[in-house]
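*Asks:* Take a look at the following structure, please.
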Amino acid sequence: MPDDAVRERSSHEAIASALADVNAVRPVFQPVIELGTGTVLGYEALARWPEWPLLDLDSVFSTAADLGVVDDLDWACRTGAVDAALAAGMAQELCLFVNVEPHTATGPTDGAKRAFAAAEGRFSVVLELTERSLLADPAVLLAAVADGRRAGCRIALDDISVHPDTMTMLEFVAPDIIKLDRSLVQRDPNRAQARVIAAVRAHSEATGATVLAEGIENDEHLARAHSLGAALGQGWLFGRPGPLPESVRTAPGALSILSEPVPNSGLVPNLPSDLFELVAPSIGTKAFIRAISRQIEDHARDTNDSLALMSTFQHSRWFSPPVADQYAWLATKHAFVAAVGVGLGGEPAPGVRGADLDPNEEFTREWTITAVGQHYFSALIARDLGDTDCADADRRFEFVHTHNRQLVVAAARSLMRRILPM
């Protein structure tokens, strides 16, 4: 049997053995450093299997998903990390970074509940969202982020620059920490990566999110991390994964530099028009509203930047064949395109994500279109006033047309949490 085939068979056998008991996973820890002072801010917990130290983590989780045990494995990793930090007496000033599967369908195990309850007030926990199809079920993802924040955890978004999903979801997740992939740190950026860097800087400036550079292995990497605007760093230059050190109990002077979230940065209104409480609406006719809506769609057609474009159509009759064709074409160009309305279903046009509305729910009064990009933010948020004694084009809507980043993203989140899973 060829060497490659032998290695592949051996890898499959090791993964199967590792997953035979998901609780066999053990954490190791790598320090996270404040680059300005060299102070240890915290530690990231990394999953390992003592009997199979070379297992590829992505392969293990992919196989676990295929076998239907990914939720069990995810909670075992989380629980093991927190238990180990508690056992080591991790100091209150430190952060524990814990990788999580963003689409975990089951709730925490009893062991996880006990571990996280014991950790509360002992040290800070950062939930690090791994990129394994962040867009597969955006509603579950947004709910998981909200649950984490309610539990007092900070949120980190991993692998920035590697996967398109992470850039698409950057605004929607509104992470406290943005983790730059080692590919940005270990070599000079190409044009595509330069666009990512610019988008990260813009997001960090607007929200106060802290940038963390991964893969710092030498002084050249460290200098590039500073150039990227990173305040935190991680990599072999500072320490390889291993047991928690004895100093984890004291951590003198390890004060967190993490910013508090920007007000409304995680806002998810029930209806887009709930944002009228924050900004007073104007009144316009359907013809006027349609012109604004088309302007946003025109921008989506002409721009070279990838957008998350979402629209409500009240009813499927307004999602006519020409409109469906336009949105199907936009879906070939942009990272995430969706349409919501009565009778639209999960894929109202090829490549277009969707959701069917109940004809009796308040959402059917909404006419909203949102475009969220790396540097472009635009939303039309309109609510039907219910006119029946006039021509269709003269029907009136309350509306707000805004380019305010926080309002646009909040309206987009309201739509995204309705989108059906892939």
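Labeling convention for the structure tokens: chains A, B, ... as they appear, residues from 1 per chain, ligands from 1 in order of appearance.
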Write down as a PyMOL selection string the residues of region 82-322 of chain A whose backbone DSSP state falls under strand (DSSP E or B).
*Replies:* chain A and resi 95-100+124-129+154-160+177-180+210-213+232-233+242+282-285+308-315
*Asks:* Could the residues in this selection be written to a file with N, CA and C atoms, as a compact mmCIF listing (two decimals), in the first residue's frame?
*Replies:*
```
# COMPACT_ATOMS: atom_id res chain seq x y z
N CYS A 95 -7.78 36.20 30.93
CA CYS A 95 -8.86 35.74 30.07
C CYS A 95 -8.58 34.31 29.61
N LEU A 96 -9.61 33.50 29.58
CA LEU A 96 -9.51 32.16 29.01
C LEU A 96 -10.23 32.18 27.67
N PHE A 97 -9.48 31.92 26.59
CA PHE A 97 -10.04 31.87 25.24
C PHE A 97 -10.47 30.43 24.96
N VAL A 98 -11.75 30.25 24.65
CA VAL A 98 -12.31 28.91 24.42
C VAL A 98 -12.92 28.87 23.03
N ASN A 99 -12.44 27.94 22.20
CA ASN A 99 -13.01 27.76 20.87
C ASN A 99 -14.39 27.12 20.98
N VAL A 100 -15.34 27.62 20.19
CA VAL A 100 -16.69 27.06 20.22
C VAL A 100 -17.19 26.88 18.79
N SER A 124 -12.18 35.86 33.25
CA SER A 124 -12.99 36.20 32.08
C SER A 124 -12.91 35.10 31.04
N VAL A 125 -14.02 34.86 30.36
CA VAL A 125 -14.06 33.87 29.29
C VAL A 125 -14.32 34.57 27.96
N VAL A 126 -13.51 34.24 26.97
CA VAL A 126 -13.69 34.73 25.61
C VAL A 126 -14.11 33.56 24.74
N LEU A 127 -15.30 33.63 24.17
CA LEU A 127 -15.78 32.59 23.27
C LEU A 127 -15.27 32.89 21.86
N GLU A 128 -14.47 32.00 21.33
CA GLU A 128 -13.81 32.20 20.05
C GLU A 128 -14.55 31.40 18.98
N LEU A 129 -15.24 32.11 18.09
CA LEU A 129 -16.03 31.45 17.06
C LEU A 129 -15.12 30.91 15.97
N ARG A 154 -16.92 37.57 26.49
CA ARG A 154 -16.56 38.34 25.31
C ARG A 154 -16.57 37.40 24.10
N ILE A 155 -16.64 37.99 22.91
CA ILE A 155 -16.72 37.22 21.67
C ILE A 155 -15.52 37.55 20.80
N ALA A 156 -14.88 36.50 20.29
CA ALA A 156 -13.78 36.66 19.33
C ALA A 156 -14.16 35.98 18.03
N LEU A 157 -13.73 36.55 16.91
CA LEU A 157 -13.96 35.95 15.60
C LEU A 157 -12.61 35.56 15.03
N ASP A 158 -12.47 34.28 14.68
CA ASP A 158 -11.19 33.70 14.31
C ASP A 158 -11.00 33.66 12.80
N ASP A 159 -9.75 33.44 12.39
CA ASP A 159 -9.39 33.14 11.00
C ASP A 159 -9.70 34.27 10.03
N ILE A 160 -9.60 35.51 10.48
CA ILE A 160 -9.83 36.63 9.57
C ILE A 160 -8.78 36.60 8.47
N ILE A 177 -13.03 40.88 19.91
CA ILE A 177 -11.65 40.59 19.50
C ILE A 177 -11.67 40.04 18.08
N ILE A 178 -10.84 40.60 17.21
CA ILE A 178 -10.70 40.12 15.84
C ILE A 178 -9.35 39.43 15.73
N LYS A 179 -9.35 38.15 15.40
CA LYS A 179 -8.10 37.39 15.33
C LYS A 179 -7.64 37.29 13.88
N LEU A 180 -6.51 37.92 13.60
CA LEU A 180 -5.93 37.88 12.27
C LEU A 180 -5.20 36.55 12.06
N THR A 210 -10.75 44.87 19.60
CA THR A 210 -9.31 44.69 19.76
C THR A 210 -8.81 43.69 18.73
N VAL A 211 -7.68 44.01 18.10
CA VAL A 211 -7.11 43.14 17.07
C VAL A 211 -6.02 42.27 17.68
N LEU A 212 -6.08 40.97 17.40
CA LEU A 212 -5.11 39.98 17.89
C LEU A 212 -4.45 39.33 16.68
N ALA A 213 -3.13 39.30 16.66
CA ALA A 213 -2.38 38.68 15.57
C ALA A 213 -1.91 37.29 15.99
N LEU A 232 -2.86 42.71 20.59
CA LEU A 232 -2.60 41.44 21.24
C LEU A 232 -1.89 40.51 20.25
N GLY A 233 -1.15 39.55 20.79
CA GLY A 233 -0.43 38.62 19.93
C GLY A 233 -0.38 37.23 20.51
N GLY A 242 0.93 24.20 25.80
CA GLY A 242 1.37 23.30 26.86
C GLY A 242 0.48 23.45 28.08
N SER A 282 -39.48 59.53 8.31
CA SER A 282 -40.20 60.44 7.43
C SER A 282 -41.36 59.66 6.79
N ILE A 283 -42.15 60.34 5.98
CA ILE A 283 -43.26 59.72 5.28
C ILE A 283 -43.00 59.83 3.78
N GLY A 284 -43.19 58.73 3.06
CA GLY A 284 -43.01 58.75 1.62
C GLY A 284 -43.96 57.80 0.94
N THR A 285 -44.22 58.02 -0.35
CA THR A 285 -45.09 57.14 -1.12
C THR A 285 -44.33 55.89 -1.55
N ALA A 308 -23.34 41.84 2.02
CA ALA A 308 -24.47 41.04 2.50
C ALA A 308 -25.70 41.88 2.22
N LEU A 309 -26.51 41.43 1.26
CA LEU A 309 -27.67 42.18 0.79
C LEU A 309 -28.93 41.41 1.17
N MET A 310 -29.82 42.06 1.91
CA MET A 310 -31.06 41.41 2.34
C MET A 310 -32.24 42.35 2.14
N SER A 311 -33.37 41.77 1.72
CA SER A 311 -34.56 42.57 1.43
C SER A 311 -35.81 41.86 1.92
N THR A 312 -36.79 42.66 2.32
CA THR A 312 -38.14 42.13 2.57
C THR A 312 -39.04 42.59 1.44
N PHE A 313 -39.95 41.70 1.03
CA PHE A 313 -40.84 41.99 -0.09
C PHE A 313 -42.32 41.92 0.32
N GLN A 314 -42.59 41.92 1.61
CA GLN A 314 -43.94 41.80 2.12
C GLN A 314 -44.60 40.51 1.62
N HIS A 315 -44.79 40.40 0.30
CA HIS A 315 -45.47 39.23 -0.27
C HIS A 315 -44.73 38.80 -1.52
```
*Asks:* Could you pull out the residues in region 319-405 of chain A that DSSP calls helix (DSSP H, G or I) from the backbone, as a PyMOL selection string?
*Replies:* chain A and resi 321-333+362-365+392-394+405
*Asks:* If we count only C-alpha atoms and set the cut-off at 9 Å, which residues sit around Val340 (chain A), ignoring sequence neighbours fewer than 3 positions away in its own chain? Please answer as a PyMOL selection string.
*Replies:* chain A and resi 310-316+343-346+348+353-357+415+418-419
*Asks:* CA of Arg294 (chain A) to CA of Leu141 (chain A): how many Å, to one decimal?
*Replies:*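 Those two atoms sit 29.6 Å apart.
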*Asks:* Which residues are close to Ala225 (chain A), i.e. within 9 Å by only C-alpha atoms, leaving aside same-chain residues fewer than 2 positions away? Reply as JSON, numbers by chain.
*Replies:* {"A": [35, 184, 185, 186, 212, 213, 214, 216, 220, 221, 222, 223, 227, 228, 229, 230, 231, 232, 233]}
*Asks:* Go ahead and dump the residues you just picked, N, CA and C atoms, as an mmCIF file, in the first residue's frame.
*Replies:*
```
data_model
loop_
_atom_site.group_PDB
_atom_site.id
_atom_site.type_symbol
_atom_site.label_atom_id
_atom_site.label_comp_id
_atom_site.auth_asym_id
_atom_site.auth_seq_id
_atom_site.Cartn_x
_atom_site.Cartn_y
_atom_site.Cartn_z
ATOM 1 N N LEU A 35 0.895 43.167 23.280
ATOM 2 C CA LEU A 35 2.131 43.443 22.546
ATOM 3 C C LEU A 35 2.858 44.679 23.055
ATOM 4 N N LEU A 184 -1.690 36.568 7.375
ATOM 5 C CA LEU A 184 -1.494 38.016 7.320
ATOM 6 C C LEU A 184 -0.252 38.444 8.079
ATOM 7 N N VAL A 185 0.151 37.645 9.044
ATOM 8 C CA VAL A 185 1.231 38.015 9.953
ATOM 9 C C VAL A 185 2.595 37.564 9.437
ATOM 10 N N GLN A 186 2.618 36.449 8.723
ATOM 11 C CA GLN A 186 3.902 35.831 8.387
ATOM 12 C C GLN A 186 4.441 36.222 7.012
ATOM 13 N N LEU A 212 -6.080 40.967 17.402
ATOM 14 C CA LEU A 212 -5.111 39.983 17.888
ATOM 15 C C LEU A 212 -4.448 39.331 16.684
ATOM 16 N N ALA A 213 -3.134 39.305 16.658
ATOM 17 C CA ALA A 213 -2.377 38.684 15.565
ATOM 18 C C ALA A 213 -1.906 37.295 15.989
ATOM 19 N N GLU A 214 -2.258 36.293 15.193
ATOM 20 C CA GLU A 214 -1.833 34.916 15.457
ATOM 21 C C GLU A 214 -0.559 34.587 14.674
ATOM 22 N N ILE A 216 2.710 34.558 15.493
ATOM 23 C CA ILE A 216 3.937 35.349 15.657
ATOM 24 C C ILE A 216 5.047 34.414 16.138
ATOM 25 N N GLU A 220 10.374 39.411 12.979
ATOM 26 C CA GLU A 220 9.776 39.950 11.747
ATOM 27 C C GLU A 220 8.257 39.867 11.812
ATOM 28 N N HIS A 221 7.752 38.739 12.271
ATOM 29 C CA HIS A 221 6.308 38.590 12.435
ATOM 30 C C HIS A 221 5.771 39.592 13.456
ATOM 31 N N LEU A 222 6.518 39.792 14.522
ATOM 32 C CA LEU A 222 6.095 40.737 15.558
ATOM 33 C C LEU A 222 6.002 42.152 14.992
ATOM 34 N N ALA A 223 6.993 42.546 14.189
ATOM 35 C CA ALA A 223 6.961 43.879 13.592
ATOM 36 C C ALA A 223 5.762 44.028 12.664
ATOM 37 N N SER A 227 2.435 46.539 12.647
ATOM 38 C CA SER A 227 2.016 47.280 11.454
ATOM 39 C C SER A 227 0.536 47.046 11.157
ATOM 40 N N LEU A 228 0.035 45.877 11.495
ATOM 41 C CA LEU A 228 -1.365 45.536 11.256
ATOM 42 C C LEU A 228 -2.308 46.161 12.278
ATOM 43 N N GLY A 229 -1.743 46.833 13.271
ATOM 44 C CA GLY A 229 -2.573 47.465 14.289
ATOM 45 C C GLY A 229 -2.994 46.537 15.401
ATOM 46 N N ALA A 230 -2.295 45.403 15.541
ATOM 47 C CA ALA A 230 -2.655 44.439 16.581
ATOM 48 C C ALA A 230 -2.215 44.932 17.955
ATOM 49 N N ALA A 231 -3.097 44.818 18.932
ATOM 50 C CA ALA A 231 -2.764 45.129 20.316
ATOM 51 C C ALA A 231 -2.395 43.869 21.086
ATOM 52 N N LEU A 232 -2.861 42.714 20.592
ATOM 53 C CA LEU A 232 -2.600 41.435 21.241
ATOM 54 C C LEU A 232 -1.891 40.510 20.251
ATOM 55 N N GLY A 233 -1.147 39.546 20.788
ATOM 56 C CA GLY A 233 -0.429 38.620 19.935
ATOM 57 C C GLY A 233 -0.380 37.230 20.515
#
```
*Asks:* Nearest residue to Ala328 (chain A) out of A:Asp384, A:Val352, A:Val173, A:Leu278, using only C-alpha atoms?
*Replies:*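 So, comparing all the options, the nearest one is A:Val352.
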*Asks:* Quick one: everything within 10 Å of Ala151 (chain A), counting only C-alpha atoms, minus sequence neighbours fewer than 5 positions away in the same chain. Send it as an MDAnalysis selection string.
*Replies:* chainID A and resid 116:117 120 125 145:146
*Asks:* Hey, which of A:Asn23, A:Ala84, A:Asn360, A:Ser11 ends up closest to Pro53 (chain A)? Count only C-alpha atoms.
*Replies:*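 Checking each of A:Asn23, A:Ala84, A:Asn360, A:Ser11 against Pro53 (chain A), counting only C-alpha atoms, the winner is A:Ser11.
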*Asks:* Which residues, written as a compact mmCIF listing (two decimals) with N, CA and C atoms, in the first residue's frame, have at least one atom at most 12 Å from Ala198 (chain A), with only C-alpha atoms counted and residues fewer than 4 positions away on the same chain left out?
*Replies:*
```
# COMPACT_ATOMS: atom_id res chain seq x y z
N SER A 161 -9.23 36.58 7.25
CA SER A 161 -8.50 36.56 5.98
C SER A 161 -8.52 35.21 5.32
N MET A 167 -15.41 37.44 7.07
CA MET A 167 -15.51 38.84 6.72
C MET A 167 -16.97 39.25 6.55
N PRO A 189 1.13 41.40 2.69
CA PRO A 189 -0.18 41.11 2.10
C PRO A 189 -0.21 41.31 0.59
N ARG A 191 -3.05 42.02 -2.71
CA ARG A 191 -4.11 43.03 -2.81
C ARG A 191 -5.38 42.63 -2.08
N ALA A 192 -5.76 41.37 -2.21
CA ALA A 192 -6.97 40.91 -1.53
C ALA A 192 -6.81 41.01 -0.02
N GLN A 193 -5.64 40.63 0.49
CA GLN A 193 -5.41 40.72 1.93
C GLN A 193 -5.33 42.17 2.39
N ALA A 194 -4.82 43.06 1.53
CA ALA A 194 -4.79 44.48 1.89
C ALA A 194 -6.20 45.02 2.08
N ALA A 202 -11.04 49.55 9.73
CA ALA A 202 -12.25 50.36 9.76
C ALA A 202 -13.21 49.86 10.83
N HIS A 203 -13.37 48.54 10.91
CA HIS A 203 -14.27 47.97 11.91
C HIS A 203 -13.76 48.24 13.32
N SER A 204 -12.46 48.06 13.53
CA SER A 204 -11.89 48.30 14.85
C SER A 204 -12.03 49.75 15.27
N GLU A 205 -11.80 50.67 14.34
CA GLU A 205 -11.94 52.09 14.66
C GLU A 205 -13.39 52.44 15.01
N SER A 227 2.43 46.54 12.65
CA SER A 227 2.02 47.28 11.45
C SER A 227 0.54 47.05 11.16
N LEU A 228 0.03 45.88 11.49
CA LEU A 228 -1.37 45.54 11.26
C LEU A 228 -2.31 46.16 12.28
N GLY A 229 -1.74 46.83 13.27
CA GLY A 229 -2.57 47.46 14.29
C GLY A 229 -2.99 46.54 15.40
N GLN A 374 -17.75 45.92 3.61
CA GLN A 374 -16.58 46.20 4.42
C GLN A 374 -16.42 47.70 4.65
N HIS A 375 -16.92 48.50 3.72
CA HIS A 375 -16.83 49.95 3.87
C HIS A 375 -18.14 50.65 3.52
```
*Asks:* Just the number, please: distance in Å from CA of His12 (chain A) to CA of Pro102 (chain A), one decimal.
*Replies:*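 If I compute the distance from CA of His12 (chain A) to CA of Pro102 (chain A), I get 24.9 Å.
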*Asks:* Of the candidates A:Val25, A:Leu57, A:Asp387, A:Glu398, which one gets nearest to Trp75 (chain A) if we count only C-alpha atoms?
*Replies:*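 Residue with the minimum atom-to-atom distance to Trp75 (chain A): A:Val25.
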*Asks:* So how far away is CA of Leu275 (chain A) from CA of Phe363 (chain A), in Å?
*Replies:*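 CA of Leu275 (chain A) lies at a distance of 13.5 Å from CA of Phe363 (chain A).
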*Asks:* With only C-alpha atoms as the atoms that count, which of A:Asn218, A:Ala287, A:Tyr376, A:Cys153 lies nearest to Arg396 (chain A)?
*Replies:* A:Ala287
*Asks:* Residues at most 10 Å from Ala136 (chain A), counting only C-alpha atoms, excluding those fewer than 6 positions away in the same chain, as a PyMOL selection string?
*Replies:* chain A and resi 102-103+165+419-422
*Asks:* Using only C-alpha atoms, which residue out of A:Ala371, A:Ala300, A:Val28, A:Val60 lies closest to Leu46 (chain A)?
*Replies:*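 Among the listed residues, A:Val28 lies closest to Leu46 (chain A).
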